[in-house]
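Engineer: Take a look at this one; I'll ask things after.
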Amino acid sequence: MPDRHFSNLLNAHRSIRQFVDRPVNSELIDRILEESLQGSSSSGNLNMVSVIKTFNAERKTRLYELHFEQPMVLQAPLVLTFCADTFRTRQWLAQRGARLNFGNLLSYHVASFDAIILSQTVALALESHGMGICYMGTTLHSMKEISDCLECPDHCVPVTSMVVGWPAEQPTQRDRLPREAWIHNERYRWPSADDIDRLFKDREVKGWNRYRSMGDEIVSEMDQLGITSLAQYYTSDMKYAPQVYEQDSEKLRQLLEAKGFLP
Ligand SMILES: Cc1cc2nc3c(=O)[nH]c(=O)nc-3n(C[C@H](O)[C@H](O)[C@H](O)COP(=O)(O)O)c2cc1C
């Protein structure tokens, strides 16, 4: 595929949260998943990943609850859950009388990379077929419950999910931080306070306006909490509250212990 086609695909990316009432073909999804794994690097080529497809309405309703009731979970015909999975590999090792491994924190990390690398290849592949996707970070806040819902074994935990379907919206492109913010030449360029002001300026205006235009309810909640900037909004109780991150970090630690990734 010529480079410009790939550039066009990347430029066309938008997270899609509204879907038309049209099914996605399970066989096509399997083919895309298979091709995507083939097209993704994989640590040691062990493929320590599992992808669970959820089409079933009842199970999707349970996932909807676990994904903080994001409406797109009910609207999309398919939810894909990507799991860091060393269970199968460990079984294989045991059956061959090999030394056991991959029941430790590093292995969780390695398997998570496999899962995340695959997820982004799948996202692009689905988009290349005209489908829309949206990741769900809520996966990390309901890992144990999603793991239970999908009957994941030991040494297998969900690390990300995405809704999949045919788009019913054409959102405008969301911009990213400018390249000077995150591309470094040869060594890390430490940003000064002035650099931070400059690098975040555009986003502070656009992001603030975007959230303020989402409806009176959001505006009044922001005002009640005394939020006066985008930065304050991001770590407020409305978005990424530090106390929730602390709590869920502890839940993650407990889950990794229960699933055999921590001593
Ligand atoms: C790991 C991850 C988790 C995300 N979780 C959510 C989510 O729970 N709900 C949601 O609406 N969007 C979610 N998103 C989508 C981001 O909000 C979106 O990618 C970002 O705003 C940029 O917009 P774009 O993808 O349209 O360019 C997530 C994206 C990533 C990569």
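To be explicit about the labels: the chains of the structure tokens are called A, B, and onward in the order shown, and within each one the residues are counted from 1, while ligands get numbers from 1 in the order they are shown.
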List as a Markdown table every residue of chain A that is in contact with ligand 1, defined as an atom at most 10 Å from one of its atoms (using only C-alpha atoms and all ligand atoms), together with the nearest atom pair and the distance in Å rounded to one decimal, sorted by chain and then rising number.

Structural biologist:
```
| residue | atom | partner | partner_atom_place_in_ligand_line | distance |
| --- | --- | --- | --- | --- |
| A:Leu10 | CA | ligand 1 | 27 (O) | 9.7 |
| A:Asn11 | CA | ligand 1 | 27 (O) | 9.1 |
| A:Ala12 | CA | ligand 1 | 27 (O) | 9.1 |
| A:His13 | CA | ligand 1 | 27 (O) | 6.1 |
| A:Arg14 | CA | ligand 1 | 26 (O) | 3.5 |
| A:Ser15 | CA | ligand 1 | 26 (O) | 3.7 |
| A:Ile16 | CA | ligand 1 | 26 (O) | 7.0 |
| A:Arg17 | CA | ligand 1 | 11 (O) | 6.7 |
| A:His67 | CA | ligand 1 | 8 (O) | 7.2 |
| A:Phe68 | CA | ligand 1 | 8 (O) | 8.3 |
| A:Glu69 | CA | ligand 1 | 8 (O) | 10.0 |
| A:Gln70 | CA | ligand 1 | 9 (N) | 7.2 |
| A:Pro71 | CA | ligand 1 | 11 (O) | 9.3 |
| A:Met72 | CA | ligand 1 | 11 (O) | 8.1 |
| A:Val73 | CA | ligand 1 | 9 (N) | 9.9 |
| A:Ile116 | CA | ligand 1 | 1 (C) | 8.8 |
| A:Ser119 | CA | ligand 1 | 31 (C) | 9.8 |
| A:Gln120 | CA | ligand 1 | 31 (C) | 8.7 |
| A:Ile133 | CA | ligand 1 | 25 (O) | 8.7 |
| A:Cys134 | CA | ligand 1 | 15 (C) | 5.7 |
| A:Tyr135 | CA | ligand 1 | 28 (C) | 4.4 |
| A:Met136 | CA | ligand 1 | 8 (O) | 3.5 |
| A:Gly137 | CA | ligand 1 | 3 (C) | 3.5 |
| A:Thr138 | CA | ligand 1 | 8 (O) | 4.9 |
| A:Thr139 | CA | ligand 1 | 8 (O) | 7.7 |
| A:Leu140 | CA | ligand 1 | 3 (C) | 8.9 |
| A:His141 | CA | ligand 1 | 8 (O) | 9.8 |
| A:Val159 | CA | ligand 1 | 1 (C) | 8.9 |
| A:Thr160 | CA | ligand 1 | 1 (C) | 6.6 |
| A:Ser161 | CA | ligand 1 | 3 (C) | 8.0 |
| A:Met162 | CA | ligand 1 | 5 (N) | 8.3 |
| A:Val163 | CA | ligand 1 | 9 (N) | 9.7 |
| A:Gln170 | CA | ligand 1 | 26 (O) | 9.9 |
| A:Pro171 | CA | ligand 1 | 26 (O) | 7.3 |
| A:Thr172 | CA | ligand 1 | 26 (O) | 7.8 |
| A:Gln173 | CA | ligand 1 | 27 (O) | 6.1 |
| A:Arg174 | CA | ligand 1 | 27 (O) | 4.7 |
| A:Asp175 | CA | ligand 1 | 27 (O) | 6.9 |
| A:Arg176 | CA | ligand 1 | 22 (C) | 7.8 |
```

Engineer: Based on DSSP run over this structure's backbone, return all residues of range 8-227 of chain A in strand (DSSP E or B), as a PyMOL selection string.

Structural biologist: chain A and resi 19+49-54+78-85+132-136+156-165+167

Engineer: Dump as CSV the rows for residues of range 137-216 of chain A within 8 Å of range 39-63 of chain A: closest atom pair and distance in Å with one decimal, only C-alpha atoms counted, ordered by chain and rising residue number.

Structural biologist:
```
residue,atom,partner,partner_atom,distance
A:Ile146,CA,A:Leu63,CA,7.0
A:Cys149,CA,A:Arg62,CA,7.6
A:Leu150,CA,A:Ile52,CA,7.7
```

Engineer: Tell me which protein, DNA and RNA residues are within 8 Å of Glu204 in chain A, counting only C-alpha atoms, leaving out same-chain ones fewer than 3 positions away, and put them as a ChimeraX atom specification.

Structural biologist: /A:200-201,207-208,229-231

Engineer: Okay, now the selection with N, CA and C atoms, as an mmCIF file, in the first residue's frame?

Structural biologist:
```cif
data_model
loop_
_atom_site.group_PDB
_atom_site.id
_atom_site.type_symbol
_atom_site.label_atom_id
_atom_site.label_comp_id
_atom_site.auth_asym_id
_atom_site.auth_seq_id
_atom_site.Cartn_x
_atom_site.Cartn_y
_atom_site.Cartn_z
ATOM 1 N N PHE A 200 0.687 24.106 25.509
ATOM 2 C CA PHE A 200 -0.685 23.750 25.893
ATOM 3 C C PHE A 200 -1.722 24.822 25.524
ATOM 4 N N LYS A 201 -1.217 25.969 24.987
ATOM 5 C CA LYS A 201 -2.104 27.124 24.793
ATOM 6 C C LYS A 201 -3.327 26.795 23.937
ATOM 7 N N GLY A 207 -10.042 22.866 24.173
ATOM 8 C CA GLY A 207 -10.569 21.859 25.097
ATOM 9 C C GLY A 207 -11.594 22.473 26.039
ATOM 10 N N TRP A 208 -11.260 23.644 26.567
ATOM 11 C CA TRP A 208 -12.163 24.340 27.484
ATOM 12 C C TRP A 208 -13.487 24.629 26.781
ATOM 13 N N SER A 229 -10.218 26.127 34.647
ATOM 14 C CA SER A 229 -9.287 25.881 33.535
ATOM 15 C C SER A 229 -9.388 24.414 33.113
ATOM 16 N N LEU A 230 -8.865 24.127 31.926
ATOM 17 C CA LEU A 230 -8.888 22.754 31.417
ATOM 18 C C LEU A 230 -8.066 21.833 32.326
ATOM 19 N N ALA A 231 -6.929 22.315 32.786
ATOM 20 C CA ALA A 231 -6.075 21.492 33.659
ATOM 21 C C ALA A 231 -6.839 21.104 34.927
#
```

Engineer: Taking 5 positions as the minimum chain separation for residues in the same chain, which residues sit within 9 Å of Ala258 in chain A when counting only C-alpha atoms? Answer as an MDAnalysis selection string.

Structural biologist: chainID A and resid 154:155 253

Engineer: Mind giving me the straight-line distance from CA of Glu217 in chain A to CA of Glu246 in chain A in Å, one decimal?

Structural biologist: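 CA of Glu246 in chain A lies 27.1 Å from CA of Glu217 in chain A.
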